[in-house]
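> Handing you a structure now.
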Amino acid sequence: MAIPKEKLLEMYRNLITARLLGDKLAEIFTTGVAGRTGLHRGTGEEAFPIAIQANLRKDDYLKLTFRMDFTLFAKGLLLRDVIGAEIFRDSSQFGGPRYRFFDPDNGLLAHTGAGGEEPPIYLGAAVAIMYKKTDQVCVCVMGDGFANRGPMHEAMVMSAAWNLPIVWVIHNNQYAMGTSVKKSYKIDDLADRAKAYGFPGETVDGNDVIASYEVMKKYIDRARNGGGPSLVVGETYRLMAHFMGDPQIYRPKGEAEEWWKKDSIPRYQKTLMDMGILTVEDIDKFQREIEAEIEEAATAALALPQASYENHLKTAIDEI
Amino acid sequence: MAETQMLNYVSAIGAAINEEMRRDERVAMWGEDLVSMQGAYGENPGMFKEFGDRIKDTPIVEQAILGTGMGAALAGIRPIVWLMTAGFLTIAFEGLFMEVGGLRQEYGYAGPMPLVVYCRSGIGGGFGAHHCASTESLFMHSPGLKIVMPSTAYDAKGLMKTAIRDDEPVIYVGYGALYFGAKEPIPTEEYLIPFGKADIKREGKDITIVCYSGMVRKALAAAEELNKEGISVEVVDLRTLVPMDVAAIVKSVEKTGRLLIAHEAMKRAGAAGEIAFRVTEAAPDLVKSLKTPIKRLAAQNLAIPRSISLDAQLLPQVEDVIAIVKTMGFD
Ligand SMILES: Cc1ncc(C[n+]2csc(CCOP(=O)(O)OP(=O)(O)O)c2C)c(N)n1
Ligand SMILES: [Mg+2]
């Protein structure tokens, strides 16, 4: 079935928004107003999370990799709140997430500092969906690095045993900090792992918006309709440093340049232009509109409150 | 005066590991991004090249890193396993607390299990509990874990060497904010610092502050300020929590008559409670005759926020040390 034109354009706008927002965040972090340095930039990896979210409803559960959280506007968060969450602002009193994207009411159960602890927690959302008999789904995306950890293994075992409505995803950007996937995996196709759990697995070009959308749609629909878990691997590349300031001593010369050639944006532009639903004028127009939206959102985000000590005090269960 | 070289904390740890690996070929080290990035934040800079495969990167598999450390230690290797942060020790909690810290004892086996579990605490910056929290008191409760928490480059080197030569499991926790701090003169000649020997980092006569790791710097800064107001502070750096040099604390408090215990870990069931009780048990008459009751200063019993604006508020700072000392009968 053809993807509706509106959906294709929505993904285009989101892709451009993500690219420009990534730059804006880097700028904010560089000027110091974020309160810290060392942003984990995700520029160049936006297409896959954008395509995933194009298949989700606001009430679905979603875990993205910490690096790609800034694309969560594609799930319905306000741009202001996304920027706010990245820079330790708290928009919970305005219906947005807390700093660093904690927002259980909107399907965000947060990432923890110990990466890779999330799969069982997100599977818990799928357990809740089972008990509540709703048609929500849960999508849990782990990086190629954290996907190697034990909790994901146990959670995948249980998801299969209980046939739970979850799509496991590995966002393979070829690196975990300085460690190349070539060093940590001894299989070429990471989706092969699905076989061991007894559910389907499929790998897709994560820099190809339409292919990613279609593959995710297949497995998200399947989970929503009681078909149970699956594993999707999106292949992309971490074009940026692990964190801003990382000297990247591990990266072979020329490797990033090769991947820039596979960048999702020019490819998607060409596809949409060939389909006759995007013109050069549109590209310019969208760019200008989105730039203005981001500027406005950034100003609003900086005005959001910081974490409040009073809220933290409320979490105390005994004398502090 | 013996010859010295100028090293910061991180280079001092590196030098210790280097020397021990040259000295004993059974010493090996593994963990995440040790080689590829020289440690998560460059904590292990370029010092390992000569050892080839004796230093290896693992996938992100903390439980396996810890567990293999134990197994290899029982099978003739002397591993240093790098667990990155003190918060991540809790990922391998069962393995560390029950297996490394207790399995030998369950069998009454007092033979060698030479494992160093190396990580750092005190990173700050809105990264939340896993990167910033101090977890040492969890592991103090285990029957078989020695705990080392150095506060200076000099101590960091001498204690790392002792840790590597120790035949029993040792948790070695570096302090994040010290890693790239000022260089200190370090003897070029080999030295080891024994476990269970506290160090008087500053002599004083009015009050004893017992502390360790990152808190030592803060206590020293507070002592400097308090000195201007006529309060003379003695700073006792425990250096190792297990074994604990209770005698050194008692000796200091016999002189000062006042005891404050300070740490960055949370207050509830933190090390301070244990320290106070050990002193009480060791010297009940001294405690009875103190000029003022023992006090403790610690982080509040709240999770370290994933927010930069609150980090400092929850952890004890220099001003807090000064303020609490002033409540201890100096009027
Ligand atoms: C349990 C745990 N181990 C190690 C780390 C340190 N760490 C932070 S990011 C990272 C790499 C994650 O790689 P991947 O999952 O591929 O995500 P990517 O950075 O590529 O987006 C590591 C090892 C951590 N935060 N948590
Ligand atoms: Mg990765």
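Within each chain, counting starts at residue 1; across the structure tokens, chains are named A, B, ... in the order shown, with ligands numbered 1 upward in that order.
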Taking only C-alpha atoms into account, what are the residues of chain A at most 8 Å from chain B, put as an NGL selection string?
:A and (35-36 or 88 or 99-100 or 112-114 or 145-146 or 148-150 or 177-179 or 183-184 or 248-250 or 306-309 or 312-313 or 315-316 or 319-320)
> Those same residues - N, CA and C atoms - I'd like them written as an mmCIF file, in the first residue's frame.

data_model
loop_
_atom_site.group_PDB
_atom_site.id
_atom_site.type_symbol
_atom_site.label_atom_id
_atom_site.label_comp_id
_atom_site.auth_asym_id
_atom_site.auth_seq_id
_atom_site.Cartn_x
_atom_site.Cartn_y
_atom_site.Cartn_z
ATOM 1 N N GLY A 35 24.201 24.398 30.688
ATOM 2 C CA GLY A 35 24.660 24.031 32.018
ATOM 3 C C GLY A 35 25.693 22.922 31.995
ATOM 4 N N ARG A 36 25.900 22.317 30.857
ATOM 5 C CA ARG A 36 26.982 21.350 30.780
ATOM 6 C C ARG A 36 27.474 21.239 29.341
ATOM 7 N N PHE A 88 18.114 20.284 30.553
ATOM 8 C CA PHE A 88 17.799 20.200 31.983
ATOM 9 C C PHE A 88 16.704 21.159 32.426
ATOM 10 N N TYR A 99 12.991 17.001 32.765
ATOM 11 C CA TYR A 99 14.318 17.033 32.161
ATOM 12 C C TYR A 99 14.762 15.606 31.840
ATOM 13 N N ARG A 100 15.478 15.473 30.757
ATOM 14 C CA ARG A 100 15.955 14.184 30.267
ATOM 15 C C ARG A 100 14.794 13.221 29.959
ATOM 16 N N THR A 112 18.022 5.390 31.628
ATOM 17 C CA THR A 112 18.765 5.539 32.875
ATOM 18 C C THR A 112 20.225 5.813 32.550
ATOM 19 N N GLY A 113 20.972 6.205 33.556
ATOM 20 C CA GLY A 113 22.399 6.435 33.364
ATOM 21 C C GLY A 113 23.127 5.143 33.056
ATOM 22 N N ALA A 114 22.572 4.041 33.516
ATOM 23 C CA ALA A 114 23.146 2.735 33.195
ATOM 24 C C ALA A 114 22.451 2.244 31.941
ATOM 25 N N GLY A 145 25.481 -0.860 21.050
ATOM 26 C CA GLY A 145 26.301 -1.124 22.230
ATOM 27 C C GLY A 145 25.494 -1.712 23.368
ATOM 28 N N PHE A 146 24.484 -0.998 23.805
ATOM 29 C CA PHE A 146 23.700 -1.444 24.959
ATOM 30 C C PHE A 146 22.857 -2.683 24.641
ATOM 31 N N ASN A 148 23.865 -5.269 23.660
ATOM 32 C CA ASN A 148 24.625 -6.456 24.059
ATOM 33 C C ASN A 148 24.452 -6.811 25.523
ATOM 34 N N ARG A 149 23.816 -5.925 26.273
ATOM 35 C CA ARG A 149 23.770 -6.168 27.711
ATOM 36 C C ARG A 149 22.709 -7.208 28.086
ATOM 37 N N GLY A 150 22.887 -7.777 29.254
ATOM 38 C CA GLY A 150 22.024 -8.845 29.737
ATOM 39 C C GLY A 150 20.545 -8.520 29.829
ATOM 40 N N MET A 177 30.559 4.097 21.993
ATOM 41 C CA MET A 177 31.717 4.919 22.391
ATOM 42 C C MET A 177 32.820 4.724 21.348
ATOM 43 N N GLY A 178 33.938 4.100 21.720
ATOM 44 C CA GLY A 178 35.010 3.925 20.738
ATOM 45 C C GLY A 178 35.038 2.536 20.139
ATOM 46 N N THR A 179 34.055 1.692 20.513
ATOM 47 C CA THR A 179 34.098 0.290 20.110
ATOM 48 C C THR A 179 33.235 0.044 18.877
ATOM 49 N N LYS A 183 33.915 -5.252 16.400
ATOM 50 C CA LYS A 183 34.641 -5.849 17.526
ATOM 51 C C LYS A 183 33.720 -6.504 18.535
ATOM 52 N N SER A 184 32.485 -6.014 18.635
ATOM 53 C CA SER A 184 31.637 -6.549 19.699
ATOM 54 C C SER A 184 30.626 -7.586 19.193
ATOM 55 N N GLN A 248 38.046 11.199 19.334
ATOM 56 C CA GLN A 248 37.766 10.166 18.324
ATOM 57 C C GLN A 248 39.012 9.465 17.790
ATOM 58 N N ILE A 249 39.869 9.082 18.698
ATOM 59 C CA ILE A 249 41.116 8.436 18.284
ATOM 60 C C ILE A 249 40.881 7.078 17.623
ATOM 61 N N TYR A 250 39.693 6.553 17.780
ATOM 62 C CA TYR A 250 39.387 5.200 17.309
ATOM 63 C C TYR A 250 38.868 5.166 15.879
ATOM 64 N N GLN A 306 14.137 25.368 35.753
ATOM 65 C CA GLN A 306 15.109 24.307 36.033
ATOM 66 C C GLN A 306 14.441 23.296 36.955
ATOM 67 N N ALA A 307 15.116 22.194 37.160
ATOM 68 C CA ALA A 307 14.631 21.209 38.124
ATOM 69 C C ALA A 307 14.412 21.889 39.470
ATOM 70 N N SER A 308 13.343 21.521 40.140
ATOM 71 C CA SER A 308 13.125 22.194 41.419
ATOM 72 C C SER A 308 13.484 21.282 42.583
ATOM 73 N N TYR A 309 14.162 21.873 43.519
ATOM 74 C CA TYR A 309 14.575 21.128 44.707
ATOM 75 C C TYR A 309 13.343 20.670 45.483
ATOM 76 N N HIS A 312 12.185 17.457 44.233
ATOM 77 C CA HIS A 312 13.057 16.371 44.678
ATOM 78 C C HIS A 312 12.775 16.009 46.125
ATOM 79 N N LEU A 313 12.524 17.024 46.929
ATOM 80 C CA LEU A 313 12.222 16.752 48.335
ATOM 81 C C LEU A 313 10.988 15.871 48.477
ATOM 82 N N THR A 315 10.224 13.469 46.781
ATOM 83 C CA THR A 315 10.528 12.060 46.517
ATOM 84 C C THR A 315 11.096 11.366 47.751
ATOM 85 N N ALA A 316 11.401 12.124 48.789
ATOM 86 C CA ALA A 316 12.000 11.519 49.979
ATOM 87 C C ALA A 316 10.993 10.602 50.665
ATOM 88 N N GLU A 319 13.493 10.708 56.546
ATOM 89 C CA GLU A 319 14.344 11.876 56.764
ATOM 90 C C GLU A 319 15.389 11.989 55.653
ATOM 91 N N ILE A 320 15.651 13.220 55.200
ATOM 92 C CA ILE A 320 16.727 13.348 54.218
ATOM 93 C C ILE A 320 18.055 13.609 54.931
#
> Mind the document's chain letters and residue numbers, and return as an NGL selection string the residues of stretch 213-242 of chain A that DSSP labels strand (DSSP E or B).
:A and (230-235)
> How would the residues just chosen look if you wrote them out with all heavy atoms as a PDB file, in the first residue's frame?

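For reference, result.pdb as written:
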ATOM      1  N   SER A 230       9.134  -8.754  17.845  1.00  0.00           N
ATOM      2  CA  SER A 230      10.001  -8.896  16.679  1.00  0.00           C
ATOM      3  C   SER A 230      11.232  -8.035  16.921  1.00  0.00           C
ATOM      4  O   SER A 230      11.279  -7.285  17.893  1.00  0.00           O
ATOM      5  CB  SER A 230       9.269  -8.426  15.418  1.00  0.00           C
ATOM      6  OG  SER A 230       8.723  -7.135  15.645  1.00  0.00           O
ATOM      7  N   LEU A 231      12.186  -8.164  16.031  1.00  0.00           N
ATOM      8  CA  LEU A 231      13.412  -7.359  16.158  1.00  0.00           C
ATOM      9  C   LEU A 231      13.714  -6.686  14.826  1.00  0.00           C
ATOM     10  O   LEU A 231      13.777  -7.353  13.784  1.00  0.00           O
ATOM     11  CB  LEU A 231      14.599  -8.266  16.540  1.00  0.00           C
ATOM     12  CG  LEU A 231      15.992  -7.617  16.512  1.00  0.00           C
ATOM     13  CD1 LEU A 231      16.128  -6.534  17.577  1.00  0.00           C
ATOM     14  CD2 LEU A 231      17.083  -8.684  16.716  1.00  0.00           C
ATOM     15  N   VAL A 232      13.871  -5.365  14.852  1.00  0.00           N
ATOM     16  CA  VAL A 232      14.250  -4.643  13.638  1.00  0.00           C
ATOM     17  C   VAL A 232      15.598  -3.976  13.880  1.00  0.00           C
ATOM     18  O   VAL A 232      15.817  -3.386  14.946  1.00  0.00           O
ATOM     19  CB  VAL A 232      13.204  -3.564  13.274  1.00  0.00           C
ATOM     20  CG1 VAL A 232      13.668  -2.761  12.055  1.00  0.00           C
ATOM     21  CG2 VAL A 232      11.849  -4.204  13.007  1.00  0.00           C
ATOM     22  N   VAL A 233      16.492  -4.087  12.926  1.00  0.00           N
ATOM     23  CA  VAL A 233      17.792  -3.438  13.027  1.00  0.00           C
ATOM     24  C   VAL A 233      17.875  -2.348  11.974  1.00  0.00           C
ATOM     25  O   VAL A 233      17.668  -2.616  10.782  1.00  0.00           O
ATOM     26  CB  VAL A 233      18.936  -4.456  12.816  1.00  0.00           C
ATOM     27  CG1 VAL A 233      20.293  -3.756  12.906  1.00  0.00           C
ATOM     28  CG2 VAL A 233      18.831  -5.580  13.834  1.00  0.00           C
ATOM     29  N   GLY A 234      18.141  -1.135  12.382  1.00  0.00           N
ATOM     30  CA  GLY A 234      18.323  -0.025  11.447  1.00  0.00           C
ATOM     31  C   GLY A 234      19.805   0.266  11.312  1.00  0.00           C
ATOM     32  O   GLY A 234      20.479   0.543  12.302  1.00  0.00           O
ATOM     33  N   GLU A 235      20.305   0.176  10.081  1.00  0.00           N
ATOM     34  CA  GLU A 235      21.738   0.406   9.852  1.00  0.00           C
ATOM     35  C   GLU A 235      21.981   1.876   9.544  1.00  0.00           C
ATOM     36  O   GLU A 235      21.418   2.423   8.590  1.00  0.00           O
ATOM     37  CB  GLU A 235      22.222  -0.433   8.654  1.00  0.00           C
ATOM     38  CG  GLU A 235      22.217  -1.929   8.910  1.00  0.00           C
ATOM     39  CD  GLU A 235      23.345  -2.376   9.841  1.00  0.00           C
ATOM     40  OE1 GLU A 235      24.397  -1.693   9.894  1.00  0.00           O
ATOM     41  OE2 GLU A 235      23.155  -3.399  10.520  1.00  0.00           O
TER      42      GLU A 235
END
> Pick out the residues no farther than 6 Å from ligand 2, counting only C-alpha atoms and all ligand atoms, and list them as a CSV table (one decimal) with N, CA, C and O atoms, in the first residue's frame.

chain,number,residue,atom,x,y,z
A,143,GLY,N,20.9,1.0,21.4
A,143,GLY,CA,22.0,1.2,20.5
A,143,GLY,C,22.7,-0.2,20.3
A,143,GLY,O,22.4,-1.1,21.1
A,144,ASP,N,23.5,-0.2,19.3
A,144,ASP,CA,24.2,-1.5,19.1
A,144,ASP,C,25.1,-1.9,20.3
A,144,ASP,O,25.3,-3.0,20.5
A,145,GLY,N,25.5,-0.9,21.0
A,145,GLY,CA,26.3,-1.1,22.2
A,145,GLY,C,25.5,-1.7,23.4
A,145,GLY,O,25.8,-2.8,23.8
A,172,ASN,N,21.7,0.6,14.9
A,172,ASN,CA,23.1,0.3,14.7
A,172,ASN,C,23.8,1.4,14.0
A,172,ASN,O,23.8,1.6,12.8
A,173,ASN,N,24.5,2.3,14.8
A,173,ASN,CA,25.3,3.3,14.2
A,173,ASN,C,26.8,3.0,14.2
A,173,ASN,O,27.6,3.8,14.1
A,174,GLN,N,27.0,1.7,14.3
A,174,GLN,CA,28.4,1.1,14.1
A,174,GLN,C,29.4,1.3,15.2
A,174,GLN,O,30.4,0.8,15.2
A,175,TYR,N,29.0,2.2,16.2
A,175,TYR,CA,29.9,2.4,17.3
A,175,TYR,C,29.2,2.5,18.6
A,175,TYR,O,28.1,2.9,18.7
A,176,ALA,N,29.9,2.0,19.6
A,176,ALA,CA,29.5,2.2,21.0
A,176,ALA,C,30.7,2.9,21.7
A,176,ALA,O,31.7,2.2,21.8
> Go ahead and compute the interatomic distance for atom CA of B:Thr4 and atom CA of B:Ala156, in Å to one decimal.
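It comes out at 15.4 Å.
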> Just the alpha helix (DSSP H) stuff from stretch 100-147 of chain A, please, per backbone DSSP, written as a ChimeraX atom specification.
/A:118-132
> Which is closest to A:Asp205 among A:Ile277, A:Ala292, A:Ile28, A:Ala47, if we use only C-alpha atoms?
A:Ala47
> Quick one: of B:Lys228, B:Lys218, B:Lys146, B:Arg165, who's nearest to B:Gly196, counting only C-alpha atoms?
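The shortest atom-to-atom distance to B:Gly196 comes from B:Lys146.
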> Residues at most 9 Å from A:Ile294, counting only C-alpha atoms, excluding those fewer than 6 positions away in the same chain, as a list in words?
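Listed by chain and then number, they are Thr17, Leu20, Leu21, Lys24, Leu79 and Arg80 of chain A.
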> Deliver the residues from the most recent selection as a file, using N, CA, C and O atoms, as an mmCIF file, in the first residue's frame.

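After the write, result_31.cif holds the following:
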data_model
loop_
_atom_site.group_PDB
_atom_site.id
_atom_site.type_symbol
_atom_site.label_atom_id
_atom_site.label_comp_id
_atom_site.auth_asym_id
_atom_site.auth_seq_id
_atom_site.Cartn_x
_atom_site.Cartn_y
_atom_site.Cartn_z
ATOM 1 N N THR A 17 13.652 19.044 10.493
ATOM 2 C CA THR A 17 13.601 19.611 11.846
ATOM 3 C C THR A 17 14.682 18.983 12.725
ATOM 4 O O THR A 17 15.393 19.674 13.464
ATOM 5 N N LEU A 20 18.163 20.314 11.792
ATOM 6 C CA LEU A 20 18.404 21.699 12.227
ATOM 7 C C LEU A 20 18.412 21.803 13.749
ATOM 8 O O LEU A 20 19.184 22.560 14.335
ATOM 9 N N LEU A 21 17.568 20.992 14.380
ATOM 10 C CA LEU A 21 17.519 21.010 15.840
ATOM 11 C C LEU A 21 18.836 20.497 16.434
ATOM 12 O O LEU A 21 19.339 21.028 17.432
ATOM 13 N N LYS A 24 21.161 23.240 16.386
ATOM 14 C CA LYS A 24 20.798 24.250 17.385
ATOM 15 C C LYS A 24 21.235 23.795 18.783
ATOM 16 O O LYS A 24 21.776 24.581 19.567
ATOM 17 N N LEU A 79 8.438 21.117 20.418
ATOM 18 C CA LEU A 79 9.862 21.396 20.199
ATOM 19 C C LEU A 79 10.476 22.079 21.414
ATOM 20 O O LEU A 79 11.589 21.777 21.825
ATOM 21 N N ARG A 80 9.728 23.004 21.973
ATOM 22 C CA ARG A 80 10.210 23.712 23.164
ATOM 23 C C ARG A 80 10.573 22.715 24.273
ATOM 24 O O ARG A 80 11.624 22.804 24.907
#
> From the options A:Ala300, A:Glu202, A:Asp274, A:Phe101, which residue's atoms come nearest to A:Tyr219, counting only C-alpha atoms?
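When distances to A:Tyr219 are compared using only C-alpha atoms, the smallest one comes from A:Glu202.
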> When you count only C-alpha atoms, which of these residues is closest to A:Glu154: A:Tyr197, A:Trp260, A:Phe70, A:Phe29?
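Of A:Tyr197, A:Trp260, A:Phe70, A:Phe29, the one nearest A:Glu154, counting only C-alpha atoms, is A:Tyr197.
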> Identify, on the basis of only C-alpha atoms, every residue whose closest approach to A:Asp208 does not exceed 8 Å; exclude the query and any residue fewer than 2 positions from it along the same chain; express the result as JSON, numbers by chain.
{"A": [47, 48, 205, 206, 210, 211, 212, 264, 267, 268]}
> So which one's closest to ligand 1, B:Tyr179, B:Tyr118, B:Phe277, B:Trp82? Using only C-alpha atoms and all ligand atoms, please.
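That would be B:Trp82, the residue with the smallest distance to ligand 1.
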> May I have the residues within 9 Å of A:Arg98 as a list in words, using only C-alpha atoms and disregarding those fewer than 2 positions away in the same chain?
Asp81, Gly84, Ala85, Phe88, Arg89, Asp90, Ser91, Ser92, Gln93, Gly96, Arg100, Phe101, Phe102, Asp103 and Ala307 of chain A
> Grab the atom CA of B:Ala15 to atom CA of B:Gly176 distance for me, in Å with one decimal place.
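Going from atom CA of B:Ala15 over to atom CA of B:Gly176, I get 17.6 Å.
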> Please determine, counting only C-alpha atoms and all ligand atoms, which residue among A:Ile129, A:Leu78, A:Val139, A:Leu64 has the shortest atom-to-atom distance to ligand 1.
A:Leu64
